[in-house]
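Here is the file query_17.cif (mmCIF, N, CA and C atoms).
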```cif
data_entry
loop_
_atom_site.label_atom_id
_atom_site.label_comp_id
_atom_site.auth_asym_id
_atom_site.auth_seq_id
_atom_site.Cartn_x
_atom_site.Cartn_y
_atom_site.Cartn_z
N GLN A 1 -19.21 -2.76 9.40
CA GLN A 1 -19.11 -2.14 8.09
C GLN A 1 -20.23 -1.12 7.92
N VAL A 2 -19.89 0.00 7.34
CA VAL A 2 -20.86 1.07 7.10
C VAL A 2 -21.11 1.18 5.60
N GLN A 3 -22.36 1.16 5.23
CA GLN A 3 -22.72 1.38 3.83
C GLN A 3 -23.49 2.68 3.70
N LEU A 4 -23.13 3.45 2.71
CA LEU A 4 -23.72 4.78 2.51
C LEU A 4 -24.30 4.86 1.10
N VAL A 5 -25.52 5.37 1.02
CA VAL A 5 -26.18 5.49 -0.28
C VAL A 5 -26.67 6.92 -0.45
N GLU A 6 -26.13 7.60 -1.48
CA GLU A 6 -26.53 8.97 -1.76
C GLU A 6 -27.71 9.00 -2.73
N SER A 7 -28.47 10.08 -2.65
CA SER A 7 -29.54 10.33 -3.61
C SER A 7 -29.78 11.83 -3.67
N GLY A 8 -30.52 12.25 -4.69
CA GLY A 8 -30.91 13.65 -4.79
C GLY A 8 -30.17 14.47 -5.82
N GLY A 9 -29.18 13.87 -6.47
CA GLY A 9 -28.46 14.61 -7.48
C GLY A 9 -29.31 14.83 -8.72
N GLY A 10 -28.79 15.64 -9.63
CA GLY A 10 -29.53 15.90 -10.87
C GLY A 10 -29.01 17.11 -11.58
N LEU A 11 -29.81 17.57 -12.52
CA LEU A 11 -29.48 18.74 -13.33
C LEU A 11 -30.30 19.93 -12.85
N VAL A 12 -29.65 21.05 -12.63
CA VAL A 12 -30.33 22.25 -12.15
C VAL A 12 -29.68 23.47 -12.80
N GLN A 13 -30.47 24.51 -12.96
CA GLN A 13 -29.93 25.75 -13.52
C GLN A 13 -29.19 26.53 -12.44
N ALA A 14 -28.27 27.35 -12.90
CA ALA A 14 -27.54 28.21 -11.97
C ALA A 14 -28.52 29.06 -11.16
N GLY A 15 -28.24 29.17 -9.86
CA GLY A 15 -29.13 29.88 -8.96
C GLY A 15 -30.16 29.00 -8.29
N GLY A 16 -30.27 27.78 -8.76
CA GLY A 16 -31.26 26.86 -8.21
C GLY A 16 -30.76 26.13 -6.97
N SER A 17 -31.57 25.18 -6.51
CA SER A 17 -31.28 24.44 -5.28
C SER A 17 -31.46 22.95 -5.49
N LEU A 18 -30.74 22.19 -4.71
CA LEU A 18 -30.90 20.74 -4.63
C LEU A 18 -30.65 20.31 -3.20
N ARG A 19 -31.24 19.20 -2.82
CA ARG A 19 -30.94 18.61 -1.52
C ARG A 19 -30.48 17.17 -1.72
N LEU A 20 -29.29 16.90 -1.28
CA LEU A 20 -28.75 15.55 -1.33
C LEU A 20 -29.03 14.84 -0.02
N SER A 21 -29.26 13.54 -0.11
CA SER A 21 -29.47 12.71 1.07
C SER A 21 -28.47 11.57 1.08
N CYS A 22 -28.09 11.16 2.27
CA CYS A 22 -27.17 10.03 2.43
C CYS A 22 -27.74 9.13 3.52
N ALA A 23 -28.15 7.94 3.13
CA ALA A 23 -28.70 6.98 4.08
C ALA A 23 -27.62 6.00 4.49
N ALA A 24 -27.45 5.83 5.80
CA ALA A 24 -26.45 4.91 6.32
C ALA A 24 -27.10 3.58 6.67
N SER A 25 -26.31 2.52 6.57
CA SER A 25 -26.84 1.17 6.78
C SER A 25 -27.00 0.82 8.25
N ARG A 26 -26.42 1.53 9.10
CA ARG A 26 -26.50 1.26 10.52
C ARG A 26 -26.45 2.57 11.25
N ARG A 27 -26.69 2.49 12.51
CA ARG A 27 -26.66 3.72 13.29
C ARG A 27 -25.21 4.16 13.44
N THR A 28 -24.81 5.11 12.63
CA THR A 28 -23.42 5.53 12.60
C THR A 28 -23.14 6.77 13.42
N PHE A 29 -24.19 7.53 13.66
CA PHE A 29 -23.94 8.88 14.15
C PHE A 29 -23.34 8.92 15.54
N SER A 30 -23.48 7.83 16.31
CA SER A 30 -22.92 7.87 17.65
C SER A 30 -21.41 7.70 17.65
N ASN A 31 -20.83 7.27 16.55
CA ASN A 31 -19.39 7.05 16.50
C ASN A 31 -18.71 7.62 15.26
N TYR A 32 -19.48 8.18 14.34
CA TYR A 32 -18.90 8.61 13.08
C TYR A 32 -19.26 10.06 12.77
N ALA A 33 -18.25 10.81 12.40
CA ALA A 33 -18.53 12.10 11.77
C ALA A 33 -18.95 11.82 10.33
N MET A 34 -19.78 12.67 9.78
CA MET A 34 -20.28 12.50 8.42
C MET A 34 -19.88 13.69 7.58
N GLY A 35 -19.59 13.42 6.32
CA GLY A 35 -19.17 14.51 5.46
C GLY A 35 -19.65 14.35 4.04
N TRP A 36 -19.61 15.45 3.32
CA TRP A 36 -19.84 15.47 1.88
C TRP A 36 -18.57 16.00 1.22
N LEU A 37 -18.12 15.30 0.22
CA LEU A 37 -16.99 15.71 -0.58
C LEU A 37 -17.38 15.61 -2.03
N ARG A 38 -16.67 16.31 -2.90
CA ARG A 38 -17.04 16.31 -4.31
C ARG A 38 -15.81 16.26 -5.21
N GLN A 39 -16.03 15.79 -6.41
CA GLN A 39 -14.96 15.75 -7.40
C GLN A 39 -15.49 16.21 -8.73
N GLY A 40 -15.03 17.38 -9.15
CA GLY A 40 -15.44 17.93 -10.44
C GLY A 40 -14.58 17.40 -11.56
N PRO A 41 -14.99 17.66 -12.80
CA PRO A 41 -14.24 17.17 -13.96
C PRO A 41 -12.81 17.69 -13.95
N GLY A 42 -11.85 16.77 -13.99
CA GLY A 42 -10.45 17.17 -14.02
C GLY A 42 -9.92 17.75 -12.74
N LYS A 43 -10.67 17.60 -11.66
CA LYS A 43 -10.25 18.18 -10.38
C LYS A 43 -10.03 17.10 -9.34
N GLU A 44 -9.30 17.45 -8.30
CA GLU A 44 -9.15 16.54 -7.18
C GLU A 44 -10.40 16.57 -6.31
N ARG A 45 -10.59 15.49 -5.56
CA ARG A 45 -11.72 15.45 -4.65
C ARG A 45 -11.50 16.47 -3.54
N GLU A 46 -12.55 17.21 -3.21
CA GLU A 46 -12.42 18.26 -2.20
C GLU A 46 -13.54 18.17 -1.16
N PHE A 47 -13.20 18.67 0.02
CA PHE A 47 -14.15 18.70 1.11
C PHE A 47 -15.21 19.76 0.86
N VAL A 48 -16.47 19.41 1.13
CA VAL A 48 -17.58 20.34 0.96
C VAL A 48 -18.17 20.73 2.32
N ALA A 49 -18.55 19.73 3.10
CA ALA A 49 -19.18 20.01 4.39
C ALA A 49 -19.07 18.77 5.27
N GLY A 50 -19.08 18.99 6.58
CA GLY A 50 -19.02 17.88 7.51
C GLY A 50 -19.72 18.22 8.81
N ILE A 51 -20.15 17.17 9.52
CA ILE A 51 -20.83 17.36 10.79
C ILE A 51 -20.32 16.31 11.76
N SER A 52 -20.06 16.72 12.98
CA SER A 52 -19.57 15.79 13.99
C SER A 52 -20.69 14.83 14.40
N TRP A 53 -20.31 13.72 15.05
CA TRP A 53 -21.35 12.73 15.34
C TRP A 53 -22.33 13.24 16.38
N SER A 54 -21.95 14.21 17.18
CA SER A 54 -22.90 14.79 18.14
C SER A 54 -23.76 15.86 17.50
N GLY A 55 -23.36 16.31 16.33
CA GLY A 55 -24.06 17.42 15.69
C GLY A 55 -23.64 18.78 16.22
N SER A 56 -22.69 18.79 17.16
CA SER A 56 -22.32 20.06 17.79
C SER A 56 -21.38 20.89 16.93
N SER A 57 -20.73 20.24 15.97
CA SER A 57 -19.78 20.97 15.12
C SER A 57 -20.09 20.71 13.66
N VAL A 58 -20.01 21.77 12.88
CA VAL A 58 -20.12 21.65 11.43
C VAL A 58 -18.97 22.45 10.81
N ASN A 59 -18.61 22.05 9.62
CA ASN A 59 -17.53 22.73 8.92
C ASN A 59 -17.84 22.73 7.43
N TYR A 60 -17.42 23.79 6.74
CA TYR A 60 -17.71 23.92 5.32
C TYR A 60 -16.45 24.32 4.55
N GLY A 61 -16.38 23.87 3.32
CA GLY A 61 -15.34 24.36 2.44
C GLY A 61 -15.59 25.82 2.10
N ASP A 62 -14.52 26.55 1.83
CA ASP A 62 -14.64 27.99 1.60
C ASP A 62 -15.56 28.31 0.42
N SER A 63 -15.56 27.47 -0.59
CA SER A 63 -16.32 27.77 -1.79
C SER A 63 -17.83 27.60 -1.62
N VAL A 64 -18.27 26.97 -0.54
CA VAL A 64 -19.70 26.73 -0.36
C VAL A 64 -20.27 27.42 0.88
N LYS A 65 -19.44 28.06 1.65
CA LYS A 65 -19.92 28.73 2.87
C LYS A 65 -20.99 29.75 2.53
N GLY A 66 -22.08 29.70 3.30
CA GLY A 66 -23.18 30.63 3.09
C GLY A 66 -24.19 30.14 2.07
N ARG A 67 -23.85 29.08 1.34
CA ARG A 67 -24.77 28.56 0.32
C ARG A 67 -25.24 27.14 0.63
N PHE A 68 -24.40 26.34 1.24
CA PHE A 68 -24.72 24.95 1.54
C PHE A 68 -24.92 24.77 3.04
N THR A 69 -25.80 23.82 3.39
CA THR A 69 -26.03 23.51 4.79
C THR A 69 -26.08 22.00 4.97
N ILE A 70 -25.30 21.49 5.92
CA ILE A 70 -25.32 20.07 6.24
C ILE A 70 -26.14 19.86 7.50
N SER A 71 -26.90 18.77 7.54
CA SER A 71 -27.68 18.44 8.72
C SER A 71 -27.84 16.93 8.81
N GLY A 72 -28.22 16.46 9.98
CA GLY A 72 -28.38 15.03 10.17
C GLY A 72 -29.67 14.72 10.90
N ASP A 73 -30.22 13.54 10.60
CA ASP A 73 -31.42 13.05 11.28
C ASP A 73 -31.07 11.67 11.84
N ASN A 74 -30.79 11.63 13.15
CA ASN A 74 -30.38 10.37 13.77
C ASN A 74 -31.45 9.30 13.66
N ALA A 75 -32.69 9.69 13.78
CA ALA A 75 -33.79 8.72 13.74
C ALA A 75 -33.86 8.01 12.40
N LYS A 76 -33.44 8.69 11.35
CA LYS A 76 -33.49 8.12 10.00
C LYS A 76 -32.12 7.67 9.51
N ASN A 77 -31.10 7.80 10.35
CA ASN A 77 -29.73 7.45 9.93
C ASN A 77 -29.37 8.13 8.61
N THR A 78 -29.72 9.38 8.50
CA THR A 78 -29.57 10.09 7.24
C THR A 78 -28.92 11.45 7.47
N VAL A 79 -28.03 11.81 6.57
CA VAL A 79 -27.44 13.15 6.57
C VAL A 79 -27.80 13.83 5.26
N TYR A 80 -28.01 15.12 5.33
CA TYR A 80 -28.47 15.90 4.18
C TYR A 80 -27.47 16.99 3.83
N LEU A 81 -27.51 17.38 2.58
CA LEU A 81 -26.76 18.55 2.14
C LEU A 81 -27.72 19.42 1.33
N GLN A 82 -28.13 20.53 1.91
CA GLN A 82 -28.97 21.49 1.21
C GLN A 82 -28.06 22.44 0.45
N MET A 83 -28.25 22.50 -0.85
CA MET A 83 -27.40 23.34 -1.70
C MET A 83 -28.24 24.41 -2.36
N ASN A 84 -27.96 25.65 -2.04
CA ASN A 84 -28.67 26.79 -2.60
C ASN A 84 -27.73 27.65 -3.44
N SER A 85 -28.31 28.50 -4.26
CA SER A 85 -27.53 29.42 -5.10
C SER A 85 -26.44 28.67 -5.85
N LEU A 86 -26.82 27.60 -6.47
CA LEU A 86 -25.85 26.76 -7.15
C LEU A 86 -25.20 27.47 -8.33
N LYS A 87 -23.93 27.15 -8.53
CA LYS A 87 -23.14 27.75 -9.60
C LYS A 87 -22.62 26.64 -10.53
N PRO A 88 -22.32 26.97 -11.77
CA PRO A 88 -21.76 25.94 -12.66
C PRO A 88 -20.52 25.25 -12.09
N GLU A 89 -19.73 25.97 -11.33
CA GLU A 89 -18.52 25.38 -10.74
C GLU A 89 -18.82 24.39 -9.62
N ASP A 90 -20.10 24.29 -9.22
CA ASP A 90 -20.49 23.27 -8.25
C ASP A 90 -20.72 21.92 -8.93
N THR A 91 -20.67 21.89 -10.24
CA THR A 91 -20.85 20.63 -10.97
C THR A 91 -19.79 19.63 -10.56
N ALA A 92 -20.23 18.45 -10.11
CA ALA A 92 -19.31 17.44 -9.61
C ALA A 92 -20.08 16.18 -9.24
N VAL A 93 -19.34 15.13 -8.98
CA VAL A 93 -19.91 13.96 -8.30
C VAL A 93 -19.75 14.21 -6.80
N TYR A 94 -20.85 14.12 -6.10
CA TYR A 94 -20.86 14.36 -4.66
C TYR A 94 -20.88 13.03 -3.92
N TYR A 95 -19.96 12.90 -2.98
CA TYR A 95 -19.82 11.68 -2.21
C TYR A 95 -20.15 11.93 -0.74
N CYS A 96 -20.89 11.01 -0.18
CA CYS A 96 -21.11 10.99 1.25
C CYS A 96 -20.02 10.11 1.86
N ALA A 97 -19.54 10.49 3.04
CA ALA A 97 -18.47 9.74 3.67
C ALA A 97 -18.65 9.74 5.18
N ALA A 98 -18.11 8.70 5.81
CA ALA A 98 -18.18 8.57 7.27
C ALA A 98 -16.78 8.38 7.82
N ALA A 99 -16.53 8.98 8.97
CA ALA A 99 -15.22 8.91 9.60
C ALA A 99 -15.35 8.44 11.04
N ARG A 100 -14.65 7.37 11.38
CA ARG A 100 -14.61 6.96 12.79
C ARG A 100 -14.02 8.11 13.59
N SER A 101 -14.70 8.46 14.65
CA SER A 101 -14.24 9.63 15.40
C SER A 101 -14.37 9.39 16.89
N PRO A 102 -13.26 9.52 17.63
CA PRO A 102 -13.33 9.36 19.08
C PRO A 102 -13.88 10.60 19.77
N SER A 103 -14.04 11.66 18.99
CA SER A 103 -14.46 12.92 19.58
C SER A 103 -15.84 13.31 19.08
N SER A 104 -16.61 13.94 19.93
CA SER A 104 -17.97 14.33 19.57
C SER A 104 -18.00 15.63 18.78
N TYR A 105 -16.82 16.30 18.62
CA TYR A 105 -16.86 17.60 17.94
C TYR A 105 -15.90 17.70 16.77
N VAL A 106 -15.12 16.65 16.51
CA VAL A 106 -14.17 16.70 15.41
C VAL A 106 -14.86 16.47 14.08
N VAL A 107 -14.52 17.28 13.08
CA VAL A 107 -15.03 17.12 11.72
C VAL A 107 -13.84 17.06 10.77
N PRO A 108 -13.55 15.91 10.21
CA PRO A 108 -12.46 15.84 9.23
C PRO A 108 -12.74 16.71 8.02
N THR A 109 -11.69 17.34 7.51
CA THR A 109 -11.85 18.23 6.37
C THR A 109 -11.01 17.82 5.17
N THR A 110 -10.44 16.61 5.23
CA THR A 110 -9.67 16.11 4.10
C THR A 110 -10.21 14.74 3.70
N THR A 111 -9.94 14.35 2.46
CA THR A 111 -10.41 13.05 1.99
C THR A 111 -9.82 11.92 2.82
N HIS A 112 -8.58 12.09 3.26
CA HIS A 112 -7.92 11.03 4.03
C HIS A 112 -8.53 10.84 5.41
N GLY A 113 -9.32 11.79 5.84
CA GLY A 113 -9.94 11.69 7.16
C GLY A 113 -11.17 10.81 7.21
N TYR A 114 -11.62 10.32 6.06
CA TYR A 114 -12.85 9.53 6.00
C TYR A 114 -12.56 8.07 5.69
N ASP A 115 -13.33 7.20 6.32
CA ASP A 115 -13.08 5.76 6.25
C ASP A 115 -14.03 5.00 5.32
N TYR A 116 -15.23 5.50 5.16
CA TYR A 116 -16.23 4.83 4.33
C TYR A 116 -16.83 5.83 3.36
N TRP A 117 -17.14 5.33 2.16
CA TRP A 117 -17.62 6.21 1.09
C TRP A 117 -18.84 5.61 0.42
N GLY A 118 -19.74 6.51 -0.01
CA GLY A 118 -20.83 6.09 -0.87
C GLY A 118 -20.38 6.04 -2.32
N GLN A 119 -21.29 5.70 -3.20
CA GLN A 119 -20.95 5.53 -4.61
C GLN A 119 -20.95 6.85 -5.37
N GLY A 120 -21.52 7.88 -4.78
CA GLY A 120 -21.54 9.19 -5.41
C GLY A 120 -22.82 9.47 -6.16
N THR A 121 -23.16 10.74 -6.25
CA THR A 121 -24.32 11.17 -7.03
C THR A 121 -23.92 12.41 -7.83
N GLN A 122 -24.33 12.44 -9.08
CA GLN A 122 -23.92 13.52 -9.98
C GLN A 122 -24.79 14.74 -9.79
N VAL A 123 -24.15 15.89 -9.68
CA VAL A 123 -24.83 17.18 -9.66
C VAL A 123 -24.28 17.99 -10.83
N THR A 124 -25.18 18.44 -11.69
CA THR A 124 -24.79 19.25 -12.83
C THR A 124 -25.54 20.56 -12.79
N VAL A 125 -24.80 21.66 -12.82
CA VAL A 125 -25.40 23.00 -12.78
C VAL A 125 -25.14 23.67 -14.11
N SER A 126 -26.22 23.99 -14.81
CA SER A 126 -26.08 24.63 -16.12
C SER A 126 -26.11 26.14 -15.98
N SER A 127 -25.41 26.79 -16.87
CA SER A 127 -25.34 28.26 -16.82
C SER A 127 -26.46 28.89 -17.62
#
```
How would this structure read if it were set down as structure tokens?
Amino acid sequence: QVQLVESGGGLVQAGGSLRLSCAASRRTFSNYAMGWLRQGPGKEREFVAGISWSGSSVNYGDSVKGRFTISGDNAKNTVYLQMNSLKPEDTAVYYCAAARSPSSYVVPTTTHGYDYWGQGTQVTVSS
């Protein structure tokens, strides 16, 4: 079983930055791709960013490309999401997720591609 705990959410003004962290309960990176997904008010959950378990592949949702960066620290069993140039439309609950992956370069880009989820952390961007 994989347990994921997010932290780092909060309130920030438009144009500001936040860094989210996701701590895993076990060493997941050798078998799991990791991702960040979000769900805004009245919206469906959407893919934000993902990284393969080898770290060789990353993928981003179109709305965050060039502004967000995903990275992982195997020694700390932690994955990060650096969010820059935040916009009010980035307001959402952000979820960390893990996906069992037989491949070292596959990054799931849909909610159905992930097997384990954290509880979520709220990010609010004021205009």
Report the distance between atom C of Ile51 of chain A and atom N of Ala98 of chain A in Å, rounded to one decimal place.
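About the pair atom C of Ile51 of chain A and atom N of Ala98 of chain A: they are 9.9 Å apart.
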List, as a PyMOL selection string, every residue that the PyMOL selection byres ((chain A and resi 80) around 6) selects in the file provided.
chain A and resi 20-22+69-73+78-79+81-82
One residue among A:Asn59, A:Gln3, A:Ser25, A:Ser17 is nearest to Thr110 of chain A when using only C-alpha atoms, and that residue is A:Asn59
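With distances restricted to only C-alpha atoms, A:Gly118 is the closest residue to Glu6 of chain A from A:Gly118, A:Gly40, A:Pro108, A:Gly35.
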For Val125 of chain A, please output as a ChimeraX atom specification all residues within 12 Å (counting only C-alpha atoms; exclusion window: fewer than 2 positions along the same chain).
/A:9-18,40,83-93,122-123,127
Starting from the displayed file, determine the output of the PyMOL selection byres ((chain A and resi 105) around 6) and express the residue list as a ChimeraX atom specification.
/A:52-54,56-57,103-104,106-107
note - atom CA of Tyr94 of chain A and atom N of Thr121 of chain A are separated by 4.6 Å
Which value, in Å to one decimal, gives the distance between atom CA of Ala97 of chain A and atom CA of Arg19 of chain A?
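About the pair atom CA of Ala97 of chain A and atom CA of Arg19 of chain A: they are 16.2 Å apart.
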Please evaluate the PyMOL selection byres ((chain A and resi 117) around 7) against the displayed coordinates and give the resulting residues as a PyMOL selection string.
chain A and resi 2-5+95-98+114-116+118-120
Exercise: Phe47 of chain A partners within 7 Å, only C-alpha atoms, chain neighbours under 4 positions left out, as a list in words:
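Counting only the stated atoms, we get Trp36, Leu37, Arg38, Gly61, Thr109, Thr110 and Thr111 of chain A.
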Looking only at the backbone, which of the residues in chain A does DSSP tag as strand (DSSP E), as a PyMOL selection string?
chain A and resi 4-7+10-13+18-24+32-39+46-51+58-60+68-73+78-83+92-100+116-117+121-126
Let's see if you can do this: from backbone DSSP, list all helix (DSSP H, G or I) residues in chain A, as a PyMOL selection string.
chain A and resi 74-76+88-90+111-113
